[in-house]
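*Asks:* Please find my_file03.cif (mmCIF, C-alpha atoms) on the next line:
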data_my_file
loop_
_atom_site.group_PDB
_atom_site.id
_atom_site.type_symbol
_atom_site.label_atom_id
_atom_site.label_comp_id
_atom_site.auth_asym_id
_atom_site.auth_seq_id
_atom_site.Cartn_x
_atom_site.Cartn_y
_atom_site.Cartn_z
ATOM 1 C CA MET Q 1 94.475 32.502 -79.575
ATOM 2 C CA TYR Q 2 90.777 31.683 -79.803
ATOM 3 C CA GLN Q 3 90.143 33.836 -82.850
ATOM 4 C CA ARG Q 4 92.989 32.161 -84.708
ATOM 5 C CA ALA Q 5 91.712 28.732 -83.643
ATOM 6 C CA PHE Q 6 88.239 29.561 -84.901
ATOM 7 C CA ASP Q 7 89.524 30.890 -88.218
ATOM 8 C CA LYS Q 8 91.747 27.871 -88.879
ATOM 9 C CA ALA Q 9 89.014 25.391 -87.998
ATOM 10 C CA ALA Q 10 86.468 27.277 -90.102
ATOM 11 C CA THR Q 11 88.832 27.245 -93.072
ATOM 12 C CA LEU Q 12 89.183 23.468 -92.867
ATOM 13 C CA GLU Q 13 85.442 23.004 -92.368
ATOM 14 C CA ALA Q 14 84.756 24.986 -95.537
ATOM 15 C CA SER Q 15 87.450 23.273 -97.599
ATOM 16 C CA ALA Q 16 86.323 21.291 -100.613
ATOM 17 C CA GLY Q 17 86.738 17.558 -100.266
ATOM 18 C CA PHE Q 18 86.019 17.289 -96.533
ATOM 19 C CA ASP Q 19 82.664 16.231 -95.121
ATOM 20 C CA LEU Q 20 81.259 14.237 -92.218
ATOM 21 C CA MET Q 21 80.663 10.606 -93.028
ATOM 22 C CA GLY Q 22 77.044 9.507 -92.947
ATOM 23 C CA ALA Q 23 77.558 6.924 -90.204
ATOM 24 C CA TYR Q 24 79.964 7.193 -87.273
ATOM 25 C CA SER Q 25 81.357 3.698 -87.764
ATOM 26 C CA THR Q 26 82.444 4.360 -91.345
ATOM 27 C CA VAL Q 27 85.046 6.898 -90.163
ATOM 28 C CA PHE Q 28 87.173 4.035 -88.857
ATOM 29 C CA GLU Q 29 86.699 1.502 -91.607
ATOM 30 C CA SER Q 30 89.270 3.120 -93.887
ATOM 31 C CA PRO Q 31 91.788 5.970 -93.558
ATOM 32 C CA GLU Q 32 90.704 7.156 -96.998
ATOM 33 C CA ASN Q 33 87.436 8.957 -96.327
ATOM 34 C CA ASP Q 34 86.164 12.518 -96.495
ATOM 35 C CA GLU Q 35 86.068 13.127 -92.739
ATOM 36 C CA ILE Q 36 89.706 12.417 -91.982
ATOM 37 C CA LEU Q 37 92.030 15.395 -92.243
ATOM 38 C CA PHE Q 38 95.153 13.505 -91.194
ATOM 39 C CA ALA Q 39 95.718 9.874 -90.227
ATOM 40 C CA LEU Q 40 98.656 7.525 -89.826
ATOM 41 C CA ASN Q 41 98.349 4.418 -91.952
ATOM 42 C CA TYR Q 42 99.663 1.088 -90.745
ATOM 43 C CA SER Q 43 99.935 -2.453 -92.034
ATOM 44 C CA ILE Q 44 100.822 -5.850 -90.590
ATOM 45 C CA GLN Q 45 104.406 -5.171 -91.675
ATOM 46 C CA ASP Q 46 104.426 -1.691 -90.076
ATOM 47 C CA ARG Q 47 101.913 -2.015 -87.278
ATOM 48 C CA ASN Q 48 100.670 0.019 -84.335
ATOM 49 C CA ARG Q 49 99.769 -1.331 -80.898
ATOM 50 C CA MET Q 50 96.495 0.509 -80.276
ATOM 51 C CA GLY Q 51 94.222 -2.521 -80.540
ATOM 52 C CA TYR Q 52 96.697 -4.641 -78.598
ATOM 53 C CA TYR Q 53 96.782 -2.336 -75.573
ATOM 54 C CA LEU Q 54 93.048 -1.511 -75.665
ATOM 55 C CA SER Q 55 91.861 -5.114 -75.887
ATOM 56 C CA PRO Q 56 91.676 -7.546 -72.945
ATOM 57 C CA THR Q 57 93.970 -10.559 -72.672
ATOM 58 C CA SER Q 58 91.040 -12.910 -73.294
ATOM 59 C CA VAL Q 59 90.993 -11.800 -76.946
ATOM 60 C CA GLY Q 60 94.767 -11.659 -77.408
ATOM 61 C CA GLY Q 61 95.376 -8.109 -76.270
ATOM 62 C CA ARG Q 62 97.469 -6.730 -73.460
ATOM 63 C CA GLY Q 63 94.558 -5.148 -71.593
ATOM 64 C CA GLU Q 64 96.492 -2.235 -70.121
ATOM 65 C CA VAL Q 65 94.001 0.435 -71.210
ATOM 66 C CA ALA Q 66 90.282 0.010 -70.630
ATOM 67 C CA TYR Q 67 87.298 2.304 -70.887
ATOM 68 C CA THR Q 68 85.692 3.479 -67.666
ATOM 69 C CA LYS Q 69 82.115 3.083 -66.499
ATOM 70 C CA SER Q 70 81.947 6.864 -66.519
ATOM 71 C CA LEU Q 71 82.610 6.951 -70.263
ATOM 72 C CA PHE Q 72 80.228 4.080 -71.006
ATOM 73 C CA ASN Q 73 77.445 5.706 -68.982
ATOM 74 C CA ALA Q 74 77.999 9.103 -70.611
ATOM 75 C CA TYR Q 75 76.212 7.924 -73.759
ATOM 76 C CA SER Q 76 72.439 8.108 -73.904
ATOM 77 C CA SER Q 77 70.342 5.206 -75.062
ATOM 78 C CA GLY Q 78 70.085 5.267 -78.841
ATOM 79 C CA ASP Q 79 73.422 7.004 -79.360
ATOM 80 C CA ALA Q 80 74.932 5.298 -82.422
ATOM 81 C CA ARG Q 81 78.433 5.905 -81.104
ATOM 82 C CA LYS Q 82 77.824 3.753 -78.049
ATOM 83 C CA ASP Q 83 76.618 0.830 -80.118
ATOM 84 C CA PHE Q 84 79.753 1.009 -82.253
ATOM 85 C CA ILE Q 85 82.533 1.843 -79.790
ATOM 86 C CA PHE Q 86 81.748 -0.686 -77.082
ATOM 87 C CA ARG Q 87 81.539 -3.897 -79.014
ATOM 88 C CA ASP Q 88 81.407 -7.525 -77.920
ATOM 89 C CA ILE Q 89 84.418 -9.596 -79.008
ATOM 90 C CA PRO Q 90 84.581 -13.407 -78.924
ATOM 91 C CA THR Q 91 87.297 -14.649 -76.576
ATOM 92 C CA LEU Q 92 90.149 -16.758 -77.922
ATOM 93 C CA ASP Q 93 88.580 -19.943 -76.613
ATOM 94 C CA GLY Q 94 85.320 -19.132 -78.398
ATOM 95 C CA GLN Q 95 83.328 -19.769 -75.229
ATOM 96 C CA GLN Q 96 82.541 -16.198 -74.176
ATOM 97 C CA VAL Q 97 82.439 -12.603 -75.324
ATOM 98 C CA THR Q 98 84.081 -9.579 -73.744
ATOM 99 C CA SER Q 99 84.049 -5.831 -74.351
ATOM 100 C CA GLY Q 100 86.503 -3.990 -76.559
ATOM 101 C CA VAL Q 101 86.950 -0.657 -78.328
ATOM 102 C CA ALA Q 102 85.972 -0.958 -81.987
ATOM 103 C CA LYS Q 103 87.991 2.036 -83.139
ATOM 104 C CA TYR Q 104 91.029 -0.240 -83.026
ATOM 105 C CA SER Q 105 89.889 -3.750 -83.803
ATOM 106 C CA ASP Q 106 93.005 -5.350 -85.328
ATOM 107 C CA VAL Q 107 94.454 -6.792 -82.145
ATOM 108 C CA SER Q 108 97.019 -9.138 -83.704
ATOM 109 C CA GLY Q 109 97.904 -7.380 -86.954
ATOM 110 C CA GLY Q 110 97.942 -3.762 -85.768
ATOM 111 C CA ALA Q 111 96.943 -2.489 -89.196
ATOM 112 C CA ASP Q 112 94.264 -0.078 -87.952
ATOM 113 C CA PRO Q 113 94.731 3.509 -89.135
ATOM 114 C CA VAL Q 114 95.246 5.994 -86.303
ATOM 115 C CA VAL Q 115 93.133 9.099 -86.860
ATOM 116 C CA VAL Q 116 94.965 12.235 -85.711
ATOM 117 C CA PHE Q 117 92.615 14.972 -86.941
ATOM 118 C CA ARG Q 118 89.152 14.707 -88.425
ATOM 119 C CA LEU Q 119 86.508 17.184 -89.461
ATOM 120 C CA SER Q 120 84.198 16.665 -86.481
ATOM 121 C CA GLU Q 121 86.894 18.050 -84.153
ATOM 122 C CA MET Q 122 86.774 21.357 -86.040
ATOM 123 C CA TYR Q 123 83.182 21.916 -84.885
ATOM 124 C CA TYR Q 124 84.208 21.558 -81.238
ATOM 125 C CA ILE Q 125 87.133 23.920 -81.752
ATOM 126 C CA MET Q 126 84.840 26.515 -83.288
ATOM 127 C CA ALA Q 127 82.232 26.057 -80.552
ATOM 128 C CA GLU Q 128 84.735 26.506 -77.722
ATOM 129 C CA ALA Q 129 86.369 29.462 -79.445
ATOM 130 C CA LEU Q 130 83.015 31.186 -79.945
ATOM 131 C CA TRP Q 131 82.183 30.759 -76.286
ATOM 132 C CA ALA Q 132 85.542 32.269 -75.273
ATOM 133 C CA LEU Q 133 85.095 35.180 -77.679
ATOM 134 C CA ASP Q 134 81.389 35.997 -77.372
ATOM 135 C CA GLY Q 135 79.969 34.079 -74.416
ATOM 136 C CA MET Q 136 76.251 33.370 -74.188
ATOM 137 C CA SER Q 137 75.466 35.836 -76.958
ATOM 138 C CA ALA Q 138 76.733 33.153 -79.341
ATOM 139 C CA GLU Q 139 74.804 30.265 -77.747
ATOM 140 C CA SER Q 140 72.550 29.568 -80.727
ATOM 141 C CA GLN Q 141 75.513 29.513 -83.110
ATOM 142 C CA ILE Q 142 77.485 27.270 -80.738
ATOM 143 C CA LEU Q 143 74.587 24.833 -80.414
ATOM 144 C CA ALA Q 144 74.224 24.714 -84.189
ATOM 145 C CA LEU Q 145 77.900 23.735 -84.530
ATOM 146 C CA LEU Q 146 77.676 21.063 -81.846
ATOM 147 C CA ASN Q 147 74.515 19.566 -83.280
ATOM 148 C CA ILE Q 148 76.062 19.104 -86.705
ATOM 149 C CA VAL Q 149 78.074 16.338 -85.052
ATOM 150 C CA GLU Q 150 75.488 15.183 -82.515
ATOM 151 C CA GLU Q 151 72.701 14.670 -85.034
ATOM 152 C CA ARG Q 152 74.729 12.105 -86.954
ATOM 153 C CA SER Q 153 74.513 9.824 -83.924
ATOM 154 C CA GLY Q 154 70.832 10.557 -83.308
ATOM 155 C CA MET Q 155 71.485 13.014 -80.474
ATOM 156 C CA GLU Q 156 70.759 16.691 -79.857
ATOM 157 C CA VAL Q 157 72.112 19.231 -77.367
ATOM 158 C CA ARG Q 158 69.553 21.921 -76.504
ATOM 159 C CA ASN Q 159 71.470 24.195 -74.149
ATOM 160 C CA LEU Q 160 74.999 24.811 -72.907
ATOM 161 C CA GLY Q 161 74.127 24.480 -69.224
ATOM 162 C CA SER Q 162 75.709 26.467 -66.425
ATOM 163 C CA ARG Q 163 79.255 25.505 -67.456
ATOM 164 C CA PRO Q 164 79.452 25.744 -71.256
ATOM 165 C CA VAL Q 165 83.106 24.709 -71.582
ATOM 166 C CA ARG Q 166 82.382 21.579 -69.560
ATOM 167 C CA THR Q 167 79.395 20.817 -71.793
ATOM 168 C CA ILE Q 168 81.511 21.190 -74.940
ATOM 169 C CA LEU Q 169 84.321 19.024 -73.539
ATOM 170 C CA GLU Q 170 81.901 16.287 -72.490
ATOM 171 C CA LEU Q 171 80.341 16.191 -75.955
ATOM 172 C CA LYS Q 172 83.811 16.137 -77.488
ATOM 173 C CA ARG Q 173 84.756 13.269 -75.179
ATOM 174 C CA LYS Q 174 81.975 11.088 -76.540
ATOM 175 C CA GLU Q 175 82.796 11.826 -80.171
ATOM 176 C CA LEU Q 176 86.600 11.617 -79.975
ATOM 177 C CA CYS Q 177 87.267 9.122 -77.184
ATOM 178 C CA PHE Q 178 90.471 7.083 -77.621
ATOM 179 C CA GLU Q 179 91.716 9.533 -80.249
ATOM 180 C CA GLY Q 180 94.169 11.358 -77.986
ATOM 181 C CA HIS Q 181 92.328 14.570 -77.092
ATOM 182 C CA ARG Q 182 90.870 14.181 -73.593
ATOM 183 C CA TRP Q 183 93.918 14.726 -71.388
ATOM 184 C CA VAL Q 184 95.141 17.647 -73.490
ATOM 185 C CA ASP Q 185 91.715 19.309 -73.254
ATOM 186 C CA ILE Q 186 91.517 18.855 -69.489
ATOM 187 C CA CYS Q 187 94.997 20.288 -68.951
ATOM 188 C CA ARG Q 188 94.468 23.121 -71.406
ATOM 189 C CA THR Q 189 91.235 24.268 -69.751
ATOM 190 C CA GLU Q 190 92.268 23.257 -66.211
ATOM 191 C CA SER Q 191 89.152 21.113 -65.982
ATOM 192 C CA PHE Q 192 90.679 18.486 -63.698
ATOM 193 C CA ASP Q 193 87.408 18.162 -61.781
ATOM 194 C CA LEU Q 194 86.056 16.236 -64.769
ATOM 195 C CA ILE Q 195 88.137 13.272 -63.592
ATOM 196 C CA SER Q 196 86.595 11.945 -60.380
ATOM 197 C CA GLY Q 197 88.987 10.911 -57.630
ATOM 198 C CA MET Q 198 92.000 12.567 -59.216
ATOM 199 C CA LEU Q 199 94.679 13.654 -56.730
ATOM 200 C CA PRO Q 200 96.509 16.991 -57.154
ATOM 201 C CA ASN Q 201 99.871 15.297 -57.745
ATOM 202 C CA GLU Q 202 98.402 13.236 -60.581
ATOM 203 C CA ARG Q 203 98.240 16.342 -62.764
ATOM 204 C CA TYR Q 204 102.021 16.380 -63.131
ATOM 205 C CA PHE Q 205 104.928 13.969 -63.346
ATOM 206 C CA PRO Q 206 107.522 14.154 -60.561
ATOM 207 C CA ILE Q 207 110.725 16.004 -61.296
ATOM 208 C CA PRO Q 208 113.429 13.290 -61.317
ATOM 209 C CA LEU Q 209 115.760 13.474 -58.328
ATOM 210 C CA ALA Q 210 118.759 13.338 -60.644
ATOM 211 C CA GLU Q 211 117.559 16.538 -62.340
ATOM 212 C CA ILE Q 212 117.038 18.297 -59.024
ATOM 213 C CA GLN Q 213 120.533 17.327 -57.879
ATOM 214 C CA THR Q 214 122.125 18.361 -61.177
ATOM 215 C CA ASN Q 215 120.325 21.672 -61.744
ATOM 216 C CA GLU Q 216 121.724 24.387 -59.488
ATOM 217 C CA LEU Q 217 118.638 26.570 -60.023
ATOM 218 C CA ILE Q 218 116.221 24.177 -58.312
ATOM 219 C CA SER Q 219 116.120 22.124 -55.124
ATOM 220 C CA GLU Q 220 113.887 19.522 -53.510
ATOM 221 C CA VAL Q 221 111.436 22.227 -52.399
ATOM 222 C CA ASP Q 222 110.644 22.771 -56.100
ATOM 223 C CA GLN Q 223 109.327 19.223 -56.483
ATOM 224 C CA ASN Q 224 105.785 18.980 -57.821
ATOM 225 C CA PRO Q 225 103.088 18.542 -55.158
ATOM 226 C CA GLY Q 226 102.511 15.060 -53.766
ATOM 227 C CA TYR Q 227 105.935 13.557 -54.488
#
Represent the supplied structure as structure tokens.

*Replies:*
Amino acid sequence: MYQRAFDKAATLEASAGFDLMGAYSTVFESPENDEILFALNYSIQDRNRMGYYLSPTSVGGRGEVAYTKSLFNAYSSGDARKDFIFRDIPTLDGQQVTSGVAKYSDVSGGADPVVVFRLSEMYYIMAEALWALDGMSAESQILALLNIVEERSGMEVRNLGSRPVRTILELKRKELCFEGHRWVDICRTESFDLISGMLPNERYFPIPLAEIQTNELISEVDQNPGY
């Protein structure tokens, strides 16, 4: 459905009232801005737990989700996204600082908006769809779409490399990290090699034994690999 994906994304990109924000950080300062297509708003009375789970215990978070060195090192020097996303946070005792993810900074109140769709994602959708539809003949158009987003952060992509889909997904990773897209993209494109050290069974959940025993159409030989 690449043509449909391209058409839908292009329609949103051309819609009046939507535009990329001038600075990457401003996208997350308020849910009411021109780049956000759809976001969930929260308050301290109706809060989310994003900041709580993404922040270490030393700053009052739960610390169950942390960014990897691979993600941190994926950003080039001078990339404005890196300076914003990986911020230093004073610890609760005020004696040290530690790293956190600035997209969700309200650790205790949970009032951060959660961005579900924003305009920059539409450029990646169009770029990937063009590659699937037209291949390298559309390289210049694909690069133009990608650089609309990259240039905001002071970056530029000059070629698609030997694996264009991988290039697009890696650029998308840097722009949309912690916004819920990475795992879906990897599964959708079967790009599991992008996750180093991943075992085959980690692609799927196990089928619960109770389901295998209850369902007469399957047996233990139908269990997903590795379990």

*Asks:* Taking the file as shown, find all residues satisfying the PyMOL selection byres ((chain Q and resi 140-144) around 12) and write them as a compact mmCIF listing (two decimals) with C-alpha atoms, in the coordinates of the input.

*Replies:*
# COMPACT_ATOMS: atom_id res chain seq x y z
CA PHE Q 6 88.24 29.56 -84.90
CA TYR Q 123 83.18 21.92 -84.88
CA TYR Q 124 84.21 21.56 -81.24
CA ILE Q 125 87.13 23.92 -81.75
CA MET Q 126 84.84 26.52 -83.29
CA ALA Q 127 82.23 26.06 -80.55
CA GLU Q 128 84.74 26.51 -77.72
CA ALA Q 129 86.37 29.46 -79.44
CA LEU Q 130 83.02 31.19 -79.94
CA TRP Q 131 82.18 30.76 -76.29
CA ALA Q 132 85.54 32.27 -75.27
CA LEU Q 133 85.10 35.18 -77.68
CA ASP Q 134 81.39 36.00 -77.37
CA GLY Q 135 79.97 34.08 -74.42
CA MET Q 136 76.25 33.37 -74.19
CA SER Q 137 75.47 35.84 -76.96
CA ALA Q 138 76.73 33.15 -79.34
CA GLU Q 139 74.80 30.26 -77.75
CA LEU Q 145 77.90 23.74 -84.53
CA LEU Q 146 77.68 21.06 -81.85
CA ASN Q 147 74.52 19.57 -83.28
CA ILE Q 148 76.06 19.10 -86.70
CA VAL Q 149 78.07 16.34 -85.05
CA GLU Q 150 75.49 15.18 -82.52
CA GLU Q 151 72.70 14.67 -85.03
CA GLU Q 156 70.76 16.69 -79.86
CA VAL Q 157 72.11 19.23 -77.37
CA ARG Q 158 69.55 21.92 -76.50
CA ASN Q 159 71.47 24.20 -74.15
CA LEU Q 160 75.00 24.81 -72.91
CA GLY Q 161 74.13 24.48 -69.22
CA PRO Q 164 79.45 25.74 -71.26
CA VAL Q 165 83.11 24.71 -71.58
CA THR Q 167 79.40 20.82 -71.79
CA ILE Q 168 81.51 21.19 -74.94
CA LEU Q 171 80.34 16.19 -75.96

*Asks:* If you count all atoms listed in the file, which residues fall within 12 Å of Q:Ile207, apart from same-chain ones fewer than 6 positions away, as a compact mmCIF listing (two decimals) with C-alpha atoms, in the frame of the given file?

*Replies:*
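Wrote part28.txt, looks like this:
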# COMPACT_ATOMS: atom_id res chain seq x y z
CA ASN Q 201 99.87 15.30 -57.74
CA GLN Q 213 120.53 17.33 -57.88
CA THR Q 214 122.12 18.36 -61.18
CA ASN Q 215 120.32 21.67 -61.74
CA ILE Q 218 116.22 24.18 -58.31
CA SER Q 219 116.12 22.12 -55.12
CA GLU Q 220 113.89 19.52 -53.51
CA VAL Q 221 111.44 22.23 -52.40
CA ASP Q 222 110.64 22.77 -56.10
CA GLN Q 223 109.33 19.22 -56.48
CA ASN Q 224 105.78 18.98 -57.82
CA PRO Q 225 103.09 18.54 -55.16
CA GLY Q 226 102.51 15.06 -53.77
CA TYR Q 227 105.94 13.56 -54.49

*Asks:* Can you tell me which residues surround Q:Tyr53 at a distance of at most 10 Å, considering only C-alpha atoms, apart from same-chain residues fewer than 6 positions away, and format the answer as a short mmCIF file (atom, residue, chain, number, x, y, z; two decimals) with C-alpha atoms, keeping the file's coordinate frame?

*Replies:*
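Done, and the output landed in part_3.cif:
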data_model
loop_
_atom_site.label_atom_id
_atom_site.label_comp_id
_atom_site.auth_asym_id
_atom_site.auth_seq_id
_atom_site.Cartn_x
_atom_site.Cartn_y
_atom_site.Cartn_z
CA GLY Q 60 94.77 -11.66 -77.41
CA GLY Q 61 95.38 -8.11 -76.27
CA ARG Q 62 97.47 -6.73 -73.46
CA GLY Q 63 94.56 -5.15 -71.59
CA GLU Q 64 96.49 -2.24 -70.12
CA VAL Q 65 94.00 0.44 -71.21
CA ALA Q 66 90.28 0.01 -70.63
CA TYR Q 104 91.03 -0.24 -83.03
CA VAL Q 107 94.45 -6.79 -82.14
#

*Asks:* For a test of reading the model, state the distance in Å between atom CA of Q:Thr26 and atom CA of Q:Leu40, rounded to one decimal.

*Replies:*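 Interatomic distance, atom CA of Q:Thr26 to atom CA of Q:Leu40: 16.6 Å.
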
*Asks:* Can you spell out as a ChimeraX atom specification the set of residues that the PyMOL selection byres ((chain Q and resi 9-16) around 9) selects in the structure I just provided?

*Replies:* /Q:4-8,17-19,37,119-123,125-126

*Asks:* For atom CA of Q:Arg166 and atom CA of Q:Ile195, quote the distance in Å rounded to one decimal.

*Replies:*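 Those two atoms sit 11.7 Å apart.
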
*Asks:* If we count only C-alpha atoms, what is near Q:Lys82 at a cut-off of 10 Å, once residues fewer than 3 positions away on the same chain are taken out, given as JSON, numbers by chain?

*Replies:* {"Q": [71, 72, 73, 74, 75, 76, 77, 78, 79, 85, 86, 87, 153, 174, 175]}

*Asks:* Find the distance between atom CA of Q:Leu199 and atom CA of Q:Ser162 and write it in Å to one decimal.

*Replies:*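 So the answer is 24.9 Å.
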
*Asks:* For Q:Ser196, which of Q:Phe28, Q:Gly100, Q:Ser70, Q:Ser55 is the closest residue, counting only C-alpha atoms?

*Replies:* Q:Ser70
